[in-house]
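Chemist: Quick one: this structure, given as structure tokens, is what I'll be asking you about.
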Amino acid sequence: MDLYSIGEMVIDFTPGSEPFSYIRNAGGAPANVAFAVVKNGLEAGMCCSVGDDDFGRFLYDTIRENGVRCIKEELCAQAMTTMAFVTLFPDGDRSFTFARKPGADMFLQESDVREEDIQSSVIVHAGSCSLSASPAAEATARAMRLGHDIGKIVSFDVNYRDVMWGGDAAACAGKVFEVLPYVDFLKISDQEVEMMGGEAHIPSLMENFGLTLVVQTLGPDGARCYYDGKTFGCPAEKCTCVDATAAGDAFWGGFLSSLRFQGVEKPGDVTEEKLQKALRYGNAAGGLCVQKKGAIAALPTKEQVEASLAAGVC
């Protein structure tokens with residue numbers, strides 16, 4: 001298994017055919033990255049927790065239909081699925097209001113994390129949406145720690161705007177710093193880098209926590225990689241990869257996929273040349289996702305990304 005993704009399922013939206021309409025999809029960074037690597041030809045399993053209700057079953061069906069192996073098969077009778085309300089404006093901008101059903105507890109349990117699943121994987125991936133509260137934070141941290149201790153690549157995607165914090169950067173940063181000692185590959189957007197202390201602090205952050213690399217998505221400017229004391233950007237200047245509407249997840253899924261195509265199985269296998277290729281591949285994947293207005297249905301396949309690169313579009 002190439003990717004073992006840990007996370008609870010939240011809702012993603014894509015604009016419908018009419019103004020102010022929307023289509024709901026399974027979403028959340030851990031899920032989207034799992035879907036993205038599957039579309040790139042890798043095998044992924046996802047440990048997730050959803051409620052035993054209509055939307056929970058919809059989420060599970062979506063996972064399976066997209067080829068992701070669902071490691072935690074049973075739905076949680078005590079867990080209720082997150083609900084979200086969205087307003088779509090004619091120009092495509094979206095505003096979200098998130099709420100849980102009364103008494104809802106959609107979080108992962110430590111018993112959901114099986115060491116044999118982590119052992120069988122190459123990359124253990126998590127998103128910050130799974131660190132919001134106990135017991136999800138404990139389960140996620142345990143999975144990341146296990147992956148780190150047995151020498152797996154641990155990938156982590158920061159997003160402090162998730163439902164569980166309501167945009168509370170300090171609360172998110174505190175949880176993120178708790179798990180950074182287990183992380184090898186860190187993804188952060190240009191909008192969130194300040195939460196981590198700003199770009200000037202990234203080298204010291206890497207040294208203090210032993211990070212192999214940090215990748216910062218830069219909206220219309222592509223992406224930037226910090227590795228081995230060097231900083232370099234994506235060489236594909238024409239690509240546009242914004243960290244929204246699943247494009248950031250498409251980028252990261254493509255980035256991780258490219259590294260696997262290049263034979264990366266542990267952090268020490270990374271080289272600057274491999275990272276340059278992975279950045280270019282990921283940026284093309286993110287750009288294609290933006291063009292198709294994001295969400296799971298818009299996550300590009302390996303063939304589509306390679307065709308875009310060959311055509312010189314990205």
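Going by the structure tokens order, chains are called A, B, ..., each with residues numbered from 1, while ligands are numbered from 1 in the order shown.
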Near segment 209-216 of chain A, counting only C-alpha atoms, which residues have an atom at most 6 Å away, once you skip same-chain residues fewer than 4 positions from it, shown as a list in words?

Modeler: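 After dropping sequence-adjacent residues, the list is Pro181, Asp184, Phe185, Leu186, Lys187, Ile188, Ser189, Ala223, Arg224, Cys225, Tyr226 and Tyr227 of chain A.
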
Chemist: Take the residues just selected and output them with C-alpha atoms as a tab-separated table (two decimals), in the first residue's frame.

Modeler:
```tsv
chain	number	residue	atom	x	y	z
A	181	PRO	CA	8.47	15.57	15.73
A	184	ASP	CA	8.99	14.07	7.47
A	185	PHE	CA	7.13	15.93	4.69
A	186	LEU	CA	5.16	19.02	5.73
A	187	LYS	CA	2.77	20.85	3.41
A	188	ILE	CA	1.60	24.34	4.29
A	189	SER	CA	-0.11	27.03	2.26
A	223	ALA	CA	4.95	26.15	-4.87
A	224	ARG	CA	8.20	26.48	-2.98
A	225	CYS	CA	10.26	23.70	-1.41
A	226	TYR	CA	12.64	23.93	1.54
A	227	TYR	CA	15.13	21.06	1.59
```

Chemist: Counting only C-alpha atoms, which residues of segment 204-299 of chain A fall within 10 Å of segment 34-42 of chain A, and what is the closest atom pair for each with its distance in Å at one decimal, ordered by chain and rising number, as a Markdown table?

Modeler:
```
| residue | atom | partner | partner_atom | distance |
| --- | --- | --- | --- | --- |
| A:Ala246 | CA | A:Ala36 | CA | 9.6 |
| A:Asp249 | CA | A:Ala36 | CA | 7.3 |
| A:Ala250 | CA | A:Ala36 | CA | 5.7 |
| A:Phe251 | CA | A:Ala36 | CA | 8.6 |
| A:Trp252 | CA | A:Ala36 | CA | 8.2 |
| A:Gly253 | CA | A:Ala36 | CA | 4.9 |
| A:Gly254 | CA | A:Val37 | CA | 6.6 |
| A:Phe255 | CA | A:Val37 | CA | 9.1 |
| A:Leu256 | CA | A:Val37 | CA | 7.5 |
| A:Ser257 | CA | A:Val37 | CA | 5.9 |
| A:Ser258 | CA | A:Asn40 | CA | 8.7 |
| A:Arg260 | CA | A:Leu42 | CA | 8.4 |
| A:Phe261 | CA | A:Leu42 | CA | 9.0 |
| A:Ala285 | CA | A:Ala36 | CA | 9.0 |
| A:Ile296 | CA | A:Phe35 | CA | 7.3 |
| A:Ala297 | CA | A:Phe35 | CA | 9.6 |
| A:Ala298 | CA | A:Ala36 | CA | 9.6 |
| A:Leu299 | CA | A:Ala36 | CA | 6.0 |
```

Chemist: Pick out the closest residue to Met195 of chain A from this set: A:Asn159, A:Thr217, A:Thr301, A:Asn32. Count only C-alpha atoms.

Modeler: A:Asn159

Chemist: Need to verify the contact set: Ile11 of chain A, 7 Å, only C-alpha atoms, exclusion of same-chain residues closer than 5 positions in sequence. Can you return it as a VMD selection string?

Modeler: chain A and resid 24 to 28 84

Chemist: Could those selected residues go to a file with N, CA, C and O atoms, as a PDB file, in the first residue's frame?

Modeler:
```
ATOM      1  N   ARG A  24     -22.641  18.425  -3.133  1.00  0.00           N
ATOM      2  CA  ARG A  24     -21.807  18.024  -2.006  1.00  0.00           C
ATOM      3  C   ARG A  24     -21.017  16.766  -2.350  1.00  0.00           C
ATOM      4  O   ARG A  24     -21.478  15.876  -3.061  1.00  0.00           O
ATOM      5  N   ASN A  25     -19.808  16.709  -1.836  1.00  0.00           N
ATOM      6  CA  ASN A  25     -18.900  15.602  -2.091  1.00  0.00           C
ATOM      7  C   ASN A  25     -18.228  15.199  -0.788  1.00  0.00           C
ATOM      8  O   ASN A  25     -18.129  15.988   0.145  1.00  0.00           O
ATOM      9  N   ALA A  26     -17.744  13.971  -0.753  1.00  0.00           N
ATOM     10  CA  ALA A  26     -16.855  13.605   0.344  1.00  0.00           C
ATOM     11  C   ALA A  26     -15.618  14.487   0.231  1.00  0.00           C
ATOM     12  O   ALA A  26     -15.167  14.798  -0.862  1.00  0.00           O
ATOM     13  N   GLY A  27     -15.062  14.899   1.351  1.00  0.00           N
ATOM     14  CA  GLY A  27     -13.924  15.799   1.263  1.00  0.00           C
ATOM     15  C   GLY A  27     -13.081  15.783   2.519  1.00  0.00           C
ATOM     16  O   GLY A  27     -13.173  14.884   3.339  1.00  0.00           O
ATOM     17  N   GLY A  28     -12.269  16.803   2.674  1.00  0.00           N
ATOM     18  CA  GLY A  28     -11.300  16.856   3.748  1.00  0.00           C
ATOM     19  C   GLY A  28      -9.954  16.421   3.213  1.00  0.00           C
ATOM     20  O   GLY A  28      -9.854  15.525   2.381  1.00  0.00           O
ATOM     21  N   ALA A  84     -22.606  21.028   6.979  1.00  0.00           N
ATOM     22  CA  ALA A  84     -22.061  22.312   6.560  1.00  0.00           C
ATOM     23  C   ALA A  84     -23.086  23.053   5.721  1.00  0.00           C
ATOM     24  O   ALA A  84     -23.908  22.447   5.035  1.00  0.00           O
TER      25      ALA A  84
END
```

Chemist: Ranking A:Leu131, A:Ile150, A:Ala247, A:Ala143 by minimum distance to Cys172 of chain A and counting only C-alpha atoms, which one comes first?

Modeler: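 The shortest atom-to-atom distance to Cys172 of chain A comes from A:Leu131.
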